[in-house]
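Comments concern the structure below.
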Amino acid sequence: MSLRLYNTLSAEKELFVPRVPGKIGMYVCGVTVYDFCHVGHARAGIVFDMIYRYLRFSGYDVTYVRNYTDIDDKIINRANNEGCDYRTIADRYIATFDDDMDRLGMLRPTVEPKATDHIDDIIEIISRLIENGHAYTVEGDVYFSVETFADYLKLSKRNLDDMLAGARVDLDERKRNPMDFALWKATKPGEPWWESPWGKGRPGWHIECSAMSMRFLGPSFDIHGGGKDLVFPHHENEIAQSEGANGCQFVKYWLHNGFVNINSEKMSKSLGNFFTIREVLEIFDPETIRFFVLQAHYRSPLDYSDQNLKEAQAGLTRIYEALALLDDALSVDPVSTDTAPSAAELAEKAAGLLPRFKEAMDDDFNTAQGLGILFDSVRTLNRTMAEGAGKSSASRPALEQLKESCVEIGNVLGLFQTKSADWLAAREAEKKERLEIVSDEIEKLITERAEARKNKNFKRSDEIRDYLLTKNIQIIDTAEGTSWKAK
RNA sequence: GGCGACGUAGCCAAGUGGUAAGGCAGAGGUCUGCAAAACCUUUAUUCAGCGGUUCAAAUCCGCUCGUCGCCUCCA
């Protein structure tokens with residue numbers, strides 16, 4: 001089985017064949033750094049981090065480029081509002097972006113270029129576009145002439161006439177076609193600027209990605225990714241610029257992730273219905289957020305809600321509990337040679353886990369199915385453990401294989417990066433922080449209950465248990481004694 | 001108005017021609033003094049609706065209804 005992925009350009013799943021065997025160039029649109037990132041940005045980051053990890057796991061040598069767009073109208077506006085330099089704003093939000101991504105457990109891309117470090121590259125591409133007739137200058141601005149590029153709109157599959165009929169574009173008399181877009185903008189008072197052959201100005205949106213991808217990956221490369229909302233105009237325009245300048249295919253495979261929704265509506269800055277990554281990290285741990293994102297296919301919409309995050313945490317906890325069971329069993333020597341009734345099934349699940357996971361991932365990165373397969377193994381593991389497999393030398397090879405496979409899967413998904421016992425303890429500690437009862441009192445009541453149970457005073461012991469339950473304390477009786485945990 | 005996507009159990013969610021994964025929640029059972037956890041069993045004759053193609057459709061085609069997205073900055 002080899003990797004197949006959905007290519008926005010062809011609108012179908014295609015067999016993935018890299019341009020150079022064994023090597024992959026991948027460019028993903030980062031963010032415009034003018035504010036904190038929200039959960040929608042987190043999804044895009046997590047999805048492409050997962051893709052990056054899986055491609056590497058599959059044996060490819062991947063060059064992963066993700067840019068910062070650090071010059072743009074919004075950054076300038078914000079700087080003006082705060083009375084500071086655009087650089088101050090850009091640097092501040094580059095730092096918060098990095099921090100958010102690190103906390104979410106993202107691997108750093110191979111290169112993270114900034115648009116303003118590539119002004120020369122941008123100018124060079126624009127010059128070429130003017131030379132070969134794809135662009136024209138007007139009063140210090142430079143526009144791309146969409147009518148000169150026959151393939152324009154091939155990615156978003158529209159046509160110019162329909163787009164114009166909708167007519168929400170600004171009518172600028174200086175443009176040859178209303179759909180022409182800016183490659184270079186002449187400077188206005190109070191704006192940062194760079195020298196160019198067309199006078200002082202700054203790059204338009206879109207051109208920086210053509211410049212940076214070309215610089216680090218060449219004129220033609222394998223994978224370009226981003227959110228669905230970038231298909232038009234951003235990626236469409238990148239194609240026009242890059243193919244117009246280089247005369248060769250820009251990108252072989254276009255990948256686009258679906259949105260995060262709130263009540264079925266797209267989470268977005270303009271609607272104001274967003275939660276920032278740091279807000280959500282106050283409530284949920286990073287892996288819960290990753291798990292939540294990866295439980296859906298990357299192209300599907302994903303509804304964000306407190307309830308859905310809680311369910312994700314419950315699901316992830318189930319896996320971590322199984323991993324803890326596995327860790328405990330493997331940390332001590334086996335004491336029997338008995339074969340558990342389900343031992344054969346466990347061996348089969350252990351051997352099949354990784355191949356089945358790969359098969360799911362090879363089908364357009366189907367992490368939802370991959371996690372389903374993992375849960376399937378978890379159920380079998382729990383059963384055999386309940387049958388005593390953990391103590392038996394007969395089950396060791398299967399348990400070890402299962403453990404190794406889980407580690408590999410975790411490395412691909414960016415999950416299970418914490419020792420199972422520590423992760424569970426951390427969740428437990430979070431719950432305890434929310435309790436309205438001090439542990440001294442709990443301990444006192446547990447002691448009293450133990451006394452009552454010894455005297456067969458079950459009425460009193462049940463009273464204590466039920467009282468603690470109203471305080472979200474769950475009593476757990478074991479052969480070793482009584483413990484408790486927060487619900 | 002143009003273009004496009006989606007609609008699978010109480011909720012979330014896989015499944016693109018061969019007879020409905022998985023998670024959460026729920027019910028019954030094993031265990032327990034009673035509980036909890038874990039395990040076992042169970043929860044969609046059915047995939048928005050209606051027609052059509054086919055030996056066979058959640059999967060393909062058409063229509064209807066509903067939701068959302070892009071067309072303006074947006075992951």
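FYI, nothing fancy with the structure tokens labels: chains A, B, ... in order, residues from 1 per chain, ligands from 1 as they appear.
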Exercise. Could you list, as an MDAnalysis selection string, every residue of chain A that has an atom within 8 Å of an atom of chain B, counting only C-alpha atoms (C1' of nucleotides)?
Worked result: chainID A and resid 30:31 40:45 157:158 162:163 165:166 168:169 226:230 232 257 259 264:265 268:270 295:296 308 311:312 314:315 368:369 371:373 375:376 382:383 386 456 458 462 474:477
Selection file, N, CA and C atoms, as a compact mmCIF listing (two decimals), in the first residue's frame:
# COMPACT_ATOMS: atom_id res chain seq x y z
N GLY A 30 1.94 29.82 6.69
CA GLY A 30 1.89 30.08 8.12
C GLY A 30 0.85 31.14 8.41
N VAL A 31 1.19 32.07 9.26
CA VAL A 31 0.21 33.08 9.63
C VAL A 31 0.73 34.48 9.35
N GLY A 40 -8.49 27.56 15.10
CA GLY A 40 -8.41 27.28 13.67
C GLY A 40 -6.96 27.20 13.20
N HIS A 41 -6.14 28.10 13.68
CA HIS A 41 -4.72 28.05 13.34
C HIS A 41 -4.08 26.80 13.95
N ALA A 42 -4.54 26.45 15.14
CA ALA A 42 -4.01 25.26 15.80
C ALA A 42 -4.29 24.03 14.95
N ARG A 43 -5.50 23.96 14.39
CA ARG A 43 -5.84 22.80 13.59
C ARG A 43 -4.91 22.70 12.38
N ALA A 44 -4.74 23.80 11.69
CA ALA A 44 -3.88 23.78 10.51
C ALA A 44 -2.47 23.34 10.91
N GLY A 45 -1.98 23.88 12.02
CA GLY A 45 -0.64 23.52 12.48
C GLY A 45 -0.54 22.04 12.80
N LYS A 157 -11.32 26.34 -9.48
CA LYS A 157 -12.31 25.89 -10.46
C LYS A 157 -13.47 26.85 -10.65
N ARG A 158 -13.13 28.06 -10.90
CA ARG A 158 -14.14 29.08 -11.22
C ARG A 158 -13.77 29.63 -12.57
N ASP A 162 -17.78 34.56 -14.10
CA ASP A 162 -18.64 34.34 -12.94
C ASP A 162 -18.17 35.16 -11.75
N MET A 163 -16.85 35.21 -11.60
CA MET A 163 -16.29 35.96 -10.47
C MET A 163 -16.68 37.43 -10.59
N ALA A 165 -19.24 38.62 -12.19
CA ALA A 165 -20.69 38.78 -12.02
C ALA A 165 -21.04 38.97 -10.56
N GLY A 166 -20.33 38.25 -9.68
CA GLY A 166 -20.55 38.39 -8.25
C GLY A 166 -20.17 39.78 -7.78
N ARG A 168 -17.91 41.66 -6.01
CA ARG A 168 -17.68 42.32 -4.74
C ARG A 168 -16.25 42.83 -4.72
N VAL A 169 -15.65 42.86 -5.91
CA VAL A 169 -14.27 43.37 -5.99
C VAL A 169 -14.31 44.89 -6.15
N GLY A 226 -2.37 24.39 3.36
CA GLY A 226 -2.94 25.53 4.05
C GLY A 226 -4.41 25.28 4.31
N GLY A 227 -5.07 26.23 4.92
CA GLY A 227 -6.49 26.09 5.20
C GLY A 227 -7.31 26.22 3.92
N LYS A 228 -8.51 25.66 3.93
CA LYS A 228 -9.39 25.72 2.76
C LYS A 228 -9.64 27.16 2.32
N ASP A 229 -9.64 28.07 3.26
CA ASP A 229 -9.94 29.46 2.90
C ASP A 229 -8.82 30.12 2.10
N LEU A 230 -7.71 29.42 1.95
CA LEU A 230 -6.62 30.00 1.18
C LEU A 230 -6.67 29.62 -0.30
N PHE A 232 -8.79 30.23 -2.68
CA PHE A 232 -8.93 31.49 -3.41
C PHE A 232 -9.00 32.62 -2.39
N ASN A 257 -6.76 21.90 4.64
CA ASN A 257 -7.48 21.40 5.81
C ASN A 257 -8.81 22.14 5.99
N PHE A 259 -12.17 23.65 8.22
CA PHE A 259 -12.24 24.66 9.27
C PHE A 259 -12.59 24.08 10.63
N SER A 264 -21.47 25.14 14.05
CA SER A 264 -21.53 24.94 12.59
C SER A 264 -21.08 26.15 11.78
N GLU A 265 -20.58 27.15 12.43
CA GLU A 265 -20.08 28.31 11.68
C GLU A 265 -18.57 28.39 11.80
N SER A 268 -13.70 32.42 13.06
CA SER A 268 -12.86 33.39 12.36
C SER A 268 -12.77 34.70 13.11
N LYS A 269 -11.72 35.38 12.81
CA LYS A 269 -11.48 36.68 13.42
C LYS A 269 -12.63 37.63 13.15
N SER A 270 -13.08 37.66 11.89
CA SER A 270 -14.08 38.65 11.53
C SER A 270 -15.43 38.38 12.19
N GLN A 295 -9.07 13.29 15.66
CA GLN A 295 -10.19 12.36 15.64
C GLN A 295 -11.08 12.58 14.42
N ALA A 296 -10.93 13.71 13.79
CA ALA A 296 -11.69 13.98 12.56
C ALA A 296 -10.72 13.91 11.38
N ASN A 308 -17.24 18.71 23.32
CA ASN A 308 -16.45 17.88 22.41
C ASN A 308 -15.01 17.71 22.89
N GLU A 311 -15.06 15.17 25.68
CA GLU A 311 -15.15 13.81 25.15
C GLU A 311 -13.81 13.36 24.60
N ALA A 312 -13.12 14.30 23.96
CA ALA A 312 -11.79 13.96 23.44
C ALA A 312 -10.87 13.57 24.59
N ALA A 314 -11.75 12.32 27.44
CA ALA A 314 -12.15 11.00 27.94
C ALA A 314 -11.58 9.90 27.05
N GLY A 315 -11.63 10.11 25.75
CA GLY A 315 -11.11 9.11 24.82
C GLY A 315 -9.60 8.94 24.95
N ALA A 368 -8.57 9.58 11.78
CA ALA A 368 -9.77 9.14 12.50
C ALA A 368 -9.85 7.62 12.48
N GLN A 369 -9.61 7.06 11.31
CA GLN A 369 -9.63 5.61 11.21
C GLN A 369 -8.44 5.01 11.96
N LEU A 371 -7.00 6.09 14.63
CA LEU A 371 -7.29 6.07 16.06
C LEU A 371 -8.32 5.00 16.39
N GLY A 372 -9.26 4.78 15.48
CA GLY A 372 -10.25 3.70 15.68
C GLY A 372 -9.55 2.35 15.78
N ILE A 373 -8.54 2.16 14.95
CA ILE A 373 -7.78 0.91 14.96
C ILE A 373 -7.02 0.76 16.28
N PHE A 375 -7.93 2.05 19.16
CA PHE A 375 -8.91 1.72 20.20
C PHE A 375 -9.29 0.25 20.16
N ASP A 376 -9.33 -0.28 18.97
CA ASP A 376 -9.63 -1.70 18.80
C ASP A 376 -8.60 -2.55 19.54
N ASN A 382 -7.09 -4.63 27.11
CA ASN A 382 -7.78 -4.60 28.40
C ASN A 382 -8.33 -5.97 28.77
N ARG A 383 -8.86 -6.63 27.76
CA ARG A 383 -9.46 -7.94 28.04
C ARG A 383 -8.39 -8.94 28.48
N ALA A 386 -7.16 -8.27 31.89
CA ALA A 386 -8.11 -8.71 32.91
C ALA A 386 -8.01 -10.22 33.10
N LYS A 456 -18.55 -3.55 60.13
CA LYS A 456 -19.72 -3.90 59.32
C LYS A 456 -20.83 -2.84 59.43
N PHE A 458 -22.15 -0.70 57.54
CA PHE A 458 -22.18 -0.27 56.13
C PHE A 458 -23.06 0.94 55.91
N ASP A 462 -21.43 3.80 53.76
CA ASP A 462 -22.06 4.24 52.51
C ASP A 462 -22.41 5.72 52.57
N GLN A 474 -14.39 10.13 44.23
CA GLN A 474 -14.75 8.73 44.05
C GLN A 474 -13.86 7.85 44.92
N ILE A 475 -14.50 7.06 45.78
CA ILE A 475 -13.77 6.13 46.64
C ILE A 475 -13.44 4.87 45.85
N ILE A 476 -12.21 4.38 46.01
CA ILE A 476 -11.83 3.15 45.33
C ILE A 476 -11.28 2.18 46.37
N ASP A 477 -11.99 1.07 46.57
CA ASP A 477 -11.53 0.04 47.51
C ASP A 477 -10.75 -1.02 46.76
Problem set entry | Backbone-only DSSP, strand (DSSP E or B) members of stretch 5-34 of chain A, as number ranges by chain | A: 5-7, 12-15, 20, 23-32
Output for the residues just chosen: all heavy atoms as a short mmCIF file (atom, residue, chain, number, x, y, z; two decimals), in the first residue's frame:
data_model
loop_
_atom_site.label_atom_id
_atom_site.label_comp_id
_atom_site.auth_asym_id
_atom_site.auth_seq_id
_atom_site.Cartn_x
_atom_site.Cartn_y
_atom_site.Cartn_z
N LEU A 5 -3.25 10.71 -1.72
CA LEU A 5 -3.74 11.90 -1.07
C LEU A 5 -4.65 12.71 -1.98
O LEU A 5 -4.56 12.64 -3.20
CB LEU A 5 -2.58 12.76 -0.54
CG LEU A 5 -1.34 12.97 -1.39
CD1 LEU A 5 -1.62 14.00 -2.45
CD2 LEU A 5 -0.20 13.41 -0.50
N TYR A 6 -5.54 13.43 -1.33
CA TYR A 6 -6.52 14.23 -2.07
C TYR A 6 -5.86 15.52 -2.52
O TYR A 6 -5.36 16.30 -1.70
CB TYR A 6 -7.73 14.54 -1.19
CG TYR A 6 -8.79 15.34 -1.92
CD1 TYR A 6 -9.77 14.71 -2.67
CD2 TYR A 6 -8.79 16.74 -1.87
CE1 TYR A 6 -10.73 15.43 -3.36
CE2 TYR A 6 -9.74 17.48 -2.57
CZ TYR A 6 -10.71 16.82 -3.31
OH TYR A 6 -11.66 17.54 -3.99
N ASN A 7 -5.85 15.73 -3.82
CA ASN A 7 -5.22 16.90 -4.39
C ASN A 7 -6.30 17.90 -4.81
O ASN A 7 -7.13 17.60 -5.68
CB ASN A 7 -4.40 16.44 -5.61
CG ASN A 7 -3.55 17.56 -6.19
OD1 ASN A 7 -3.70 18.72 -5.81
ND2 ASN A 7 -2.67 17.21 -7.11
N GLU A 12 -9.33 15.01 -6.75
CA GLU A 12 -9.48 13.60 -6.42
C GLU A 12 -8.25 13.06 -5.71
O GLU A 12 -7.21 13.72 -5.65
CB GLU A 12 -9.78 12.77 -7.67
CG GLU A 12 -8.80 12.99 -8.81
CD GLU A 12 -9.30 12.36 -10.11
OE1 GLU A 12 -10.55 12.26 -10.29
OE2 GLU A 12 -8.46 11.94 -10.91
N LYS A 13 -8.43 11.87 -5.15
CA LYS A 13 -7.30 11.23 -4.48
C LYS A 13 -6.34 10.73 -5.54
O LYS A 13 -6.76 10.10 -6.51
CB LYS A 13 -7.78 10.05 -3.63
CG LYS A 13 -8.30 10.44 -2.28
CD LYS A 13 -8.59 9.20 -1.45
CE LYS A 13 -9.62 9.50 -0.38
NZ LYS A 13 -10.08 8.27 0.30
N GLU A 14 -5.06 11.00 -5.32
CA GLU A 14 -4.05 10.56 -6.28
C GLU A 14 -2.98 9.77 -5.56
O GLU A 14 -2.70 10.00 -4.39
CB GLU A 14 -3.36 11.78 -6.92
CG GLU A 14 -4.23 12.63 -7.79
CD GLU A 14 -3.46 13.83 -8.34
OE1 GLU A 14 -2.25 13.69 -8.61
OE2 GLU A 14 -4.07 14.90 -8.47
N LEU A 15 -2.34 8.89 -6.30
CA LEU A 15 -1.17 8.20 -5.78
C LEU A 15 -0.06 9.24 -5.62
O LEU A 15 0.18 10.03 -6.53
CB LEU A 15 -0.74 7.11 -6.77
CG LEU A 15 0.38 6.19 -6.31
CD1 LEU A 15 -0.10 5.34 -5.14
CD2 LEU A 15 0.83 5.32 -7.48
N VAL A 20 11.32 13.86 -6.82
CA VAL A 20 12.60 13.19 -6.70
C VAL A 20 12.40 12.03 -5.73
O VAL A 20 11.94 12.26 -4.60
CB VAL A 20 13.68 14.15 -6.14
CG1 VAL A 20 15.00 13.42 -5.96
CG2 VAL A 20 13.82 15.37 -7.03
N LYS A 23 12.57 12.11 -1.72
CA LYS A 23 12.66 13.48 -1.19
C LYS A 23 11.34 14.22 -1.40
O LYS A 23 10.68 14.05 -2.42
CB LYS A 23 13.77 14.25 -1.90
CG LYS A 23 15.17 13.81 -1.49
CD LYS A 23 16.20 14.76 -2.08
CE LYS A 23 17.63 14.30 -1.85
NZ LYS A 23 17.98 14.17 -0.43
N ILE A 24 11.00 15.08 -0.43
CA ILE A 24 9.77 15.85 -0.55
C ILE A 24 10.03 17.29 -0.17
O ILE A 24 10.66 17.58 0.85
CB ILE A 24 8.67 15.29 0.39
CG1 ILE A 24 8.27 13.87 -0.05
CG2 ILE A 24 7.44 16.21 0.41
CD1 ILE A 24 7.27 13.21 0.88
N GLY A 25 9.54 18.19 -0.99
CA GLY A 25 9.53 19.61 -0.64
C GLY A 25 8.10 19.98 -0.27
O GLY A 25 7.18 19.72 -1.04
N MET A 26 7.91 20.52 0.92
CA MET A 26 6.55 20.85 1.38
C MET A 26 6.53 22.28 1.92
O MET A 26 7.34 22.64 2.78
CB MET A 26 6.12 19.86 2.46
CG MET A 26 4.78 20.19 3.09
SD MET A 26 4.07 18.77 3.98
CE MET A 26 4.54 19.15 5.66
N TYR A 27 5.60 23.05 1.40
CA TYR A 27 5.43 24.44 1.87
C TYR A 27 4.03 24.59 2.44
O TYR A 27 3.05 24.20 1.82
CB TYR A 27 5.60 25.41 0.69
CG TYR A 27 5.60 26.87 1.08
CD1 TYR A 27 6.79 27.54 1.32
CD2 TYR A 27 4.41 27.58 1.19
CE1 TYR A 27 6.81 28.89 1.69
CE2 TYR A 27 4.41 28.93 1.55
CZ TYR A 27 5.61 29.58 1.80
OH TYR A 27 5.62 30.91 2.15
N VAL A 28 3.95 25.14 3.64
CA VAL A 28 2.65 25.38 4.27
C VAL A 28 2.55 26.85 4.64
O VAL A 28 3.49 27.41 5.21
CB VAL A 28 2.48 24.50 5.53
CG1 VAL A 28 1.19 24.85 6.26
CG2 VAL A 28 2.48 23.02 5.15
N CYS A 29 1.43 27.46 4.29
CA CYS A 29 1.24 28.86 4.63
C CYS A 29 1.10 29.01 6.13
O CYS A 29 0.24 28.38 6.75
CB CYS A 29 0.01 29.42 3.93
SG CYS A 29 0.32 29.64 2.16
N GLY A 30 1.94 29.82 6.69
CA GLY A 30 1.89 30.08 8.12
C GLY A 30 0.85 31.14 8.41
O GLY A 30 -0.24 31.09 7.86
N VAL A 31 1.19 32.07 9.26
CA VAL A 31 0.21 33.08 9.63
C VAL A 31 0.73 34.48 9.35
O VAL A 31 1.92 34.71 9.21
CB VAL A 31 -0.12 32.99 11.14
CG1 VAL A 31 -0.95 31.76 11.42
CG2 VAL A 31 1.14 33.01 11.98
N THR A 32 -0.23 35.40 9.25
CA THR A 32 0.11 36.81 9.25
C THR A 32 0.16 37.21 10.72
O THR A 32 -0.81 37.03 11.44
CB THR A 32 -0.95 37.62 8.51
OG1 THR A 32 -1.00 37.15 7.16
CG2 THR A 32 -0.62 39.10 8.52
#
For this session: Could you check how far atom CA of A:Gly410 sits from atom CA of A:Ser395, in Å to one decimal?
Result: 22.3 Å
For this session: Determine which residues of stretch 178-309 of chain A DSSP labels as helix (DSSP H, G or I) from the backbone of this structure, then write them out as a count of residues only.
Result: 50
For this session: Write out as a ChimeraX atom specification each polymer residue whose atoms come within 10 Å of stretch 426-434 of chain A, counting only C-alpha atoms (C1' of nucleotides); drop sequence neighbours fewer than 6 positions from it.
Result: /A:283-285,313,317,420,472-473,485-487
Problem set entry | Spatial neighbours of stretch 51-56 of chain B, max dist 12 Å, only C-alpha atoms (C1' of nucleotides), sep filter under 5 positions, as a ChimeraX atom specification | /B:17-19,61-64
Grab the residues selected above and save them as a compact mmCIF listing (two decimals), in the first residue's frame with N, CA, C and O atoms (P, O5', C5', C4', C3', O3' and C1' of nucleotides).
# COMPACT_ATOMS: atom_id res chain seq x y z
P G B 17 -15.40 2.17 -4.35
O5' G B 17 -16.75 1.28 -4.42
C5' G B 17 -17.92 1.72 -3.78
C4' G B 17 -18.97 0.68 -3.89
C3' G B 17 -18.54 -0.79 -3.89
O3' G B 17 -18.56 -1.19 -2.54
C1' G B 17 -20.43 -0.36 -5.29
P G B 18 -17.54 -2.32 -2.06
O5' G B 18 -18.50 -3.46 -1.49
C5' G B 18 -19.47 -3.15 -0.51
C4' G B 18 -20.37 -4.35 -0.36
C3' G B 18 -19.66 -5.54 0.30
O3' G B 18 -20.32 -5.71 1.55
C1' G B 18 -20.69 -6.17 -1.80
P U B 19 -19.67 -6.62 2.68
O5' U B 19 -20.70 -6.53 3.90
C5' U B 19 -21.10 -5.24 4.41
C4' U B 19 -22.60 -5.07 4.21
C3' U B 19 -23.45 -6.05 5.05
O3' U B 19 -24.15 -5.25 5.99
C1' U B 19 -24.21 -5.85 2.77
P C B 61 -22.46 10.88 -8.83
O5' C B 61 -23.74 10.73 -9.76
C5' C B 61 -23.60 10.62 -11.18
C4' C B 61 -24.98 10.56 -11.80
C3' C B 61 -25.94 11.64 -11.31
O3' C B 61 -25.75 12.86 -12.00
C1' C B 61 -27.02 9.54 -11.24
P G B 62 -26.10 14.23 -11.24
O5' G B 62 -27.70 14.24 -11.27
C5' G B 62 -28.38 14.35 -12.52
C4' G B 62 -29.86 14.27 -12.27
C3' G B 62 -30.40 15.23 -11.22
O3' G B 62 -30.59 16.52 -11.74
C1' G B 62 -31.30 13.08 -10.86
P C B 63 -30.44 17.79 -10.75
O5' C B 63 -31.81 17.76 -9.94
C5' C B 63 -33.05 17.98 -10.62
C4' C B 63 -34.19 17.60 -9.71
C3' C B 63 -34.24 18.34 -8.38
O3' C B 63 -34.82 19.62 -8.49
C1' C B 63 -34.58 16.04 -8.00
P U B 64 -34.43 20.76 -7.43
O5' U B 64 -35.15 20.27 -6.11
C5' U B 64 -36.57 20.24 -6.03
C4' U B 64 -37.00 19.71 -4.68
C3' U B 64 -36.39 20.41 -3.48
O3' U B 64 -37.07 21.61 -3.17
C1' U B 64 -36.21 18.09 -3.17
For this session: Might you pull out every residue within 10 Å of B:U16, with only C-alpha atoms (C1' of nucleotides) counted and same-chain residues fewer than 6 positions away left off, and present them as JSON, numbers by chain?
Result: {"B": [58, 59, 60]}
Selection above as a file: C-alpha atoms (C1' of nucleotides), as a short mmCIF file (atom, residue, chain, number, x, y, z; two decimals), in the first residue's frame:
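Dumped everything to out-v3.cif:
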data_model
loop_
_atom_site.label_atom_id
_atom_site.label_comp_id
_atom_site.auth_asym_id
_atom_site.auth_seq_id
_atom_site.Cartn_x
_atom_site.Cartn_y
_atom_site.Cartn_z
"C1'" A B 58 -24.52 5.06 2.78
"C1'" U B 59 -21.38 4.72 -1.49
"C1'" C B 60 -23.08 6.13 -8.71
#
Might you pull out every residue within 10 Å of A:Gly352, with only C-alpha atoms (C1' of nucleotides) counted and same-chain residues fewer than 4 positions away left off, and present them as a tab-separated table (two decimals) with all heavy atoms, in the first residue's frame?
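Saved as out.tsv:
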chain	number	residue	atom	x	y	z
A	346	LEU	N	-4.77	-11.22	21.11
A	346	LEU	CA	-3.85	-10.13	21.45
A	346	LEU	C	-2.65	-10.14	20.51
A	346	LEU	O	-2.25	-9.09	19.99
A	346	LEU	CB	-3.37	-10.27	22.90
A	346	LEU	CG	-2.38	-9.18	23.34
A	346	LEU	CD1	-3.09	-7.84	23.47
A	346	LEU	CD2	-1.69	-9.56	24.64
A	347	ALA	N	-2.11	-11.32	20.27
A	347	ALA	CA	-0.94	-11.42	19.39
A	347	ALA	C	-1.29	-10.91	17.99
A	347	ALA	O	-0.50	-10.20	17.35
A	347	ALA	CB	-0.47	-12.86	19.33
A	348	GLU	N	-2.49	-11.25	17.56
A	348	GLU	CA	-2.93	-10.83	16.23
A	348	GLU	C	-3.09	-9.30	16.17
A	348	GLU	O	-2.65	-8.65	15.23
A	348	GLU	CB	-4.26	-11.52	15.93
A	348	GLU	CG	-4.76	-11.35	14.52
A	348	GLU	CD	-6.20	-11.83	14.39
A	348	GLU	OE1	-6.54	-12.87	14.99
A	348	GLU	OE2	-7.00	-11.13	13.72
A	356	ARG	N	-2.07	-1.86	10.02
A	356	ARG	CA	-3.42	-1.32	9.81
A	356	ARG	C	-3.42	0.19	9.95
A	356	ARG	O	-4.13	0.90	9.24
A	356	ARG	CB	-4.40	-1.95	10.80
A	356	ARG	CG	-4.67	-3.43	10.53
A	356	ARG	CD	-5.47	-4.06	11.65
A	356	ARG	NE	-6.86	-3.59	11.68
A	356	ARG	CZ	-7.60	-3.53	12.79
A	356	ARG	NH1	-7.09	-3.89	13.96
A	356	ARG	NH2	-8.85	-3.10	12.74
A	357	PHE	N	-2.64	0.67	10.90
A	357	PHE	CA	-2.52	2.11	11.08
A	357	PHE	C	-1.94	2.76	9.83
A	357	PHE	O	-2.44	3.77	9.34
A	357	PHE	CB	-1.65	2.40	12.31
A	357	PHE	CG	-1.41	3.87	12.54
A	357	PHE	CD1	-2.40	4.67	13.10
A	357	PHE	CD2	-0.19	4.47	12.20
A	357	PHE	CE1	-2.19	6.03	13.31
A	357	PHE	CE2	0.02	5.82	12.41
A	357	PHE	CZ	-0.98	6.60	12.97
A	373	ILE	N	-8.54	2.16	14.95
A	373	ILE	CA	-7.78	0.91	14.96
A	373	ILE	C	-7.02	0.76	16.28
A	373	ILE	O	-6.95	-0.32	16.86
A	373	ILE	CB	-6.81	0.89	13.75
A	373	ILE	CG1	-7.62	0.71	12.46
A	373	ILE	CG2	-5.77	-0.20	13.90
A	373	ILE	CD1	-6.90	1.13	11.20
A	377	SER	N	-7.33	-2.16	19.42
A	377	SER	CA	-6.27	-2.88	20.12
A	377	SER	C	-6.36	-2.67	21.63
A	377	SER	O	-6.04	-3.57	22.40
A	377	SER	CB	-4.90	-2.42	19.63
A	377	SER	OG	-4.75	-2.71	18.26
A	401	GLN	N	5.39	-5.84	21.60
A	401	GLN	CA	5.12	-5.38	20.24
A	401	GLN	C	4.05	-4.28	20.26
A	401	GLN	O	4.15	-3.28	19.55
A	401	GLN	CB	4.66	-6.55	19.37
A	401	GLN	CG	4.50	-6.16	17.91
A	401	GLN	CD	4.18	-7.36	17.03
A	401	GLN	OE1	3.53	-8.30	17.48
A	401	GLN	NE2	4.63	-7.32	15.80
A	402	LEU	N	3.05	-4.48	21.09
A	402	LEU	CA	1.98	-3.49	21.21
A	402	LEU	C	2.55	-2.16	21.70
A	402	LEU	O	2.24	-1.09	21.18
A	402	LEU	CB	0.94	-4.02	22.20
A	402	LEU	CG	-0.48	-3.51	22.08
A	402	LEU	CD1	-0.99	-3.67	20.65
A	402	LEU	CD2	-1.38	-4.28	23.03
A	405	SER	N	4.50	-0.45	18.97
A	405	SER	CA	3.62	0.11	17.95
A	405	SER	C	2.95	1.39	18.44
A	405	SER	O	2.79	2.35	17.70
A	405	SER	CB	2.56	-0.91	17.54
A	405	SER	OG	3.17	-2.03	16.96
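A straight line drawn from atom C1' of B:A20 to atom C1' of B:A57 is 12.5 Å long.
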Problem set entry | Who sits within 12 Å of A:Gln249, only C-alpha atoms (C1' of nucleotides), same chain under 4 positions skipped, as a PyMOL selection string | chain A and resi 9+19+151+214+218-223+238-245+253
